[in-house]
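Asker: Handing you a structure now.
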Amino acid sequence: MRDFFINMFEKLVGVVVVLMEIGVVIGAIGAMAGAGQGPMGGGILAGLMILIFGTVYVLFIGGVLYLILGIYHNTRRTADATDRMAGQA
């Protein structure tokens with residue numbers, strides 16, 4: 001049952017990363033299209049900044065989540081190897 005939740009979490013992380021990137025792209029397009037509206041204006045530069053920094057943010061958050069999953073898998077493999085070594089002695 002534990003493996004089921006870990007596998008579902010891996011799939012959920014992938015879906016969340018894709019949805020976050022779609023949100024960044026939509027936000028960047030919205031900022032580019034809303035040029036001159038509101039107190040901050042908008043325009044091409046604002047849209048590019050949102051796109052660049054949003055993508056870096058998504059990569060950072062996705063990387064941290066995948067790092068956590070990698071630590072889990074490495075710990076499990078180490079525990080399995082230790083069990084095998086203990087059985088040989």
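Each chain in the structure tokens gets a letter, A, B, ..., in the order shown, and its residues are numbered from 1; ligands are numbered from 1 in order too.
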I'd like the contact shell of A:Val56 - 12 Å cut-off, only C-alpha atoms, skipping same-chain residues fewer than 5 positions apart - returned as a list in words.

Answerer: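 My reading of the contact set: Val17, Met20, Glu21, Val24, Met49, Ile50, Leu51, Ile61, Gly62 and Gly63 of chain A.
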
Asker: Name the residues in contact with A:Ala33 at a cut-off of 9 Å, using only C-alpha atoms, excluding same-chain residues fewer than 5 positions from it; report them as a ChimeraX atom specification.

Answerer: /A:28,42-44,47

Asker: With all heavy atoms retained, export the selected residues as a JSON list (two decimals), in the first residue's frame.

Answerer:
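Contents of the output file part.json:
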[["chain", "number", "residue", "atom", "x", "y", "z"],
["A", 28, "ALA", "N", 2.04, 34.94, -18.25],
["A", 28, "ALA", "CA", 2.93, 35.75, -19.09],
["A", 28, "ALA", "C", 2.17, 36.32, -20.28],
["A", 28, "ALA", "O", 2.32, 37.49, -20.63],
["A", 28, "ALA", "CB", 4.11, 34.92, -19.56],
["A", 42, "GLY", "N", 2.25, 46.71, -17.94],
["A", 42, "GLY", "CA", 2.36, 45.38, -18.51],
["A", 42, "GLY", "C", 3.32, 45.45, -19.68],
["A", 42, "GLY", "O", 4.28, 46.21, -19.65],
["A", 43, "GLY", "N", 3.04, 44.70, -20.70],
["A", 43, "GLY", "CA", 3.86, 44.76, -21.89],
["A", 43, "GLY", "C", 4.74, 43.54, -22.06],
["A", 43, "GLY", "O", 4.69, 42.58, -21.29],
["A", 44, "ILE", "N", 5.56, 43.60, -23.11],
["A", 44, "ILE", "CA", 6.41, 42.48, -23.48],
["A", 44, "ILE", "C", 7.43, 42.18, -22.38],
["A", 44, "ILE", "O", 7.64, 41.02, -22.03],
["A", 44, "ILE", "CB", 7.13, 42.78, -24.82],
["A", 44, "ILE", "CG1", 6.13, 43.02, -25.94],
["A", 44, "ILE", "CG2", 8.09, 41.65, -25.17],
["A", 44, "ILE", "CD1", 5.32, 41.81, -26.31],
["A", 47, "GLY", "N", 5.84, 40.44, -19.41],
["A", 47, "GLY", "CA", 5.50, 39.08, -19.76],
["A", 47, "GLY", "C", 6.72, 38.17, -19.83],
["A", 47, "GLY", "O", 6.68, 37.03, -19.37]]

Asker: As a VMD selection string, please: the residues near A:Val16 (cut-off 12 Å, only C-alpha atoms, same-chain neighbours under 4 positions excluded).

Answerer: chain A and resid 9 to 12 20 to 23 58 to 59 61 to 62 65 to 66

Asker: Could you dump the residues just selected with all heavy atoms as a CSV table (one decimal), in the first residue's frame?

Answerer:
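The resulting file, result-v4.csv, is shown below:
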chain,number,residue,atom,x,y,z
A,9,PHE,N,2.1,9.8,-5.7
A,9,PHE,CA,2.7,11.1,-5.4
A,9,PHE,C,3.6,11.5,-6.5
A,9,PHE,O,3.7,12.6,-6.9
A,9,PHE,CB,3.5,11.0,-4.1
A,9,PHE,CG,4.1,12.3,-3.7
A,9,PHE,CD1,3.3,13.4,-3.4
A,9,PHE,CD2,5.5,12.5,-3.6
A,9,PHE,CE1,3.9,14.6,-3.1
A,9,PHE,CE2,6.1,13.7,-3.3
A,9,PHE,CZ,5.3,14.8,-3.0
A,10,GLU,N,4.4,10.5,-7.1
A,10,GLU,CA,5.2,10.8,-8.2
A,10,GLU,C,4.4,11.3,-9.4
A,10,GLU,O,4.8,12.2,-10.1
A,10,GLU,CB,6.0,9.5,-8.7
A,10,GLU,CG,7.1,9.2,-7.7
A,10,GLU,CD,7.9,7.9,-8.2
A,10,GLU,OE1,7.5,7.3,-9.2
A,10,GLU,OE2,8.8,7.5,-7.5
A,11,LYS,N,3.3,10.6,-9.7
A,11,LYS,CA,2.4,11.1,-10.8
A,11,LYS,C,1.8,12.5,-10.5
A,11,LYS,O,1.7,13.3,-11.4
A,11,LYS,CB,1.3,10.1,-11.0
A,11,LYS,CG,1.8,8.8,-11.6
A,11,LYS,CD,0.6,7.8,-11.8
A,11,LYS,CE,1.0,6.5,-12.6
A,11,LYS,NZ,2.0,5.7,-12.0
A,12,LEU,N,1.4,12.7,-9.2
A,12,LEU,CA,0.9,14.0,-8.8
A,12,LEU,C,1.9,15.1,-9.0
A,12,LEU,O,1.5,16.2,-9.4
A,12,LEU,CB,0.4,13.9,-7.4
A,12,LEU,CG,-0.3,15.1,-6.8
A,12,LEU,CD1,-1.6,15.4,-7.6
A,12,LEU,CD2,-0.5,15.0,-5.3
A,20,MET,N,1.6,24.0,-13.2
A,20,MET,CA,2.2,25.2,-12.8
A,20,MET,C,2.9,25.9,-14.0
A,20,MET,O,2.8,27.1,-14.1
A,20,MET,CB,3.3,24.9,-11.8
A,20,MET,CG,2.8,24.6,-10.4
A,20,MET,SD,4.0,24.1,-9.2
A,20,MET,CE,5.1,25.5,-9.1
A,21,GLU,N,3.5,25.1,-14.9
A,21,GLU,CA,4.1,25.8,-16.1
A,21,GLU,C,3.0,26.3,-17.0
A,21,GLU,O,3.2,27.4,-17.6
A,21,GLU,CB,5.0,24.7,-16.8
A,21,GLU,CG,5.8,25.4,-17.9
A,21,GLU,CD,6.7,26.5,-17.4
A,21,GLU,OE1,7.3,26.3,-16.3
A,21,GLU,OE2,6.9,27.5,-18.1
A,22,ILE,N,1.9,25.6,-17.1
A,22,ILE,CA,0.8,26.2,-18.0
A,22,ILE,C,0.3,27.5,-17.3
A,22,ILE,O,0.1,28.5,-18.1
A,22,ILE,CB,-0.3,25.1,-18.1
A,22,ILE,CG1,0.1,24.0,-19.0
A,22,ILE,CG2,-1.6,25.8,-18.6
A,22,ILE,CD1,-0.9,22.8,-19.0
A,23,GLY,N,0.2,27.5,-16.0
A,23,GLY,CA,-0.2,28.8,-15.3
A,23,GLY,C,0.8,29.9,-15.6
A,23,GLY,O,0.4,31.1,-15.8
A,58,VAL,N,9.2,27.1,-11.2
A,58,VAL,CA,8.6,25.8,-11.4
A,58,VAL,C,9.7,24.7,-11.4
A,58,VAL,O,9.5,23.7,-10.8
A,58,VAL,CB,7.8,25.8,-12.7
A,58,VAL,CG1,7.4,24.4,-13.1
A,58,VAL,CG2,6.5,26.7,-12.5
A,59,LEU,N,10.8,25.0,-12.1
A,59,LEU,CA,11.9,24.1,-12.1
A,59,LEU,C,12.5,23.8,-10.7
A,59,LEU,O,12.8,22.7,-10.3
A,59,LEU,CB,13.0,24.5,-13.0
A,59,LEU,CG,12.7,24.5,-14.5
A,59,LEU,CD1,13.9,25.2,-15.3
A,59,LEU,CD2,12.5,23.1,-14.9
A,61,ILE,N,10.9,24.2,-7.7
A,61,ILE,CA,9.9,23.5,-6.9
A,61,ILE,C,9.8,22.0,-7.4
A,61,ILE,O,9.8,21.1,-6.5
A,61,ILE,CB,8.5,24.1,-6.9
A,61,ILE,CG1,8.6,25.5,-6.3
A,61,ILE,CG2,7.4,23.3,-6.3
A,61,ILE,CD1,9.0,25.5,-4.8
A,62,GLY,N,9.7,21.8,-8.7
A,62,GLY,CA,9.7,20.4,-9.2
A,62,GLY,C,10.9,19.7,-8.8
A,62,GLY,O,10.9,18.5,-8.5
A,65,LEU,N,10.8,18.5,-5.2
A,65,LEU,CA,9.9,17.4,-5.0
A,65,LEU,C,10.5,16.1,-5.5
A,65,LEU,O,10.4,15.1,-4.9
A,65,LEU,CB,8.5,17.7,-5.7
A,65,LEU,CG,7.7,18.8,-5.0
A,65,LEU,CD1,6.5,19.2,-5.8
A,65,LEU,CD2,7.3,18.5,-3.6
A,66,TYR,N,11.1,16.2,-6.7
A,66,TYR,CA,11.7,15.0,-7.2
A,66,TYR,C,12.9,14.6,-6.4
A,66,TYR,O,13.3,13.4,-6.3
A,66,TYR,CB,12.1,15.2,-8.7
A,66,TYR,CG,10.9,15.0,-9.6
A,66,TYR,CD1,10.5,16.0,-10.4
A,66,TYR,CD2,10.3,13.7,-9.7
A,66,TYR,CE1,9.4,15.8,-11.3
A,66,TYR,CE2,9.2,13.6,-10.6
A,66,TYR,CZ,8.8,14.6,-11.3
A,66,TYR,OH,7.7,14.4,-12.1

Asker: Atom CA of A:Ala46 and atom CA of A:Gly27, how far apart in Å?

Answerer: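 Answer for the atom CA of A:Gly27 to atom CA of A:Ala46 separation: 10.1 Å.
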
Asker: Quick one: pull the distance between atom CA of A:Leu45 and atom CA of A:Leu19, Å, one decimal.

Answerer: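 Here the two named atoms are 23.2 Å from each other.
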
Asker: Could you jot down the atom CA of A:Val25 to atom CA of A:Tyr57 separation for me, Å, one decimal place?

Answerer: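 Those two atoms sit 12.6 Å apart.
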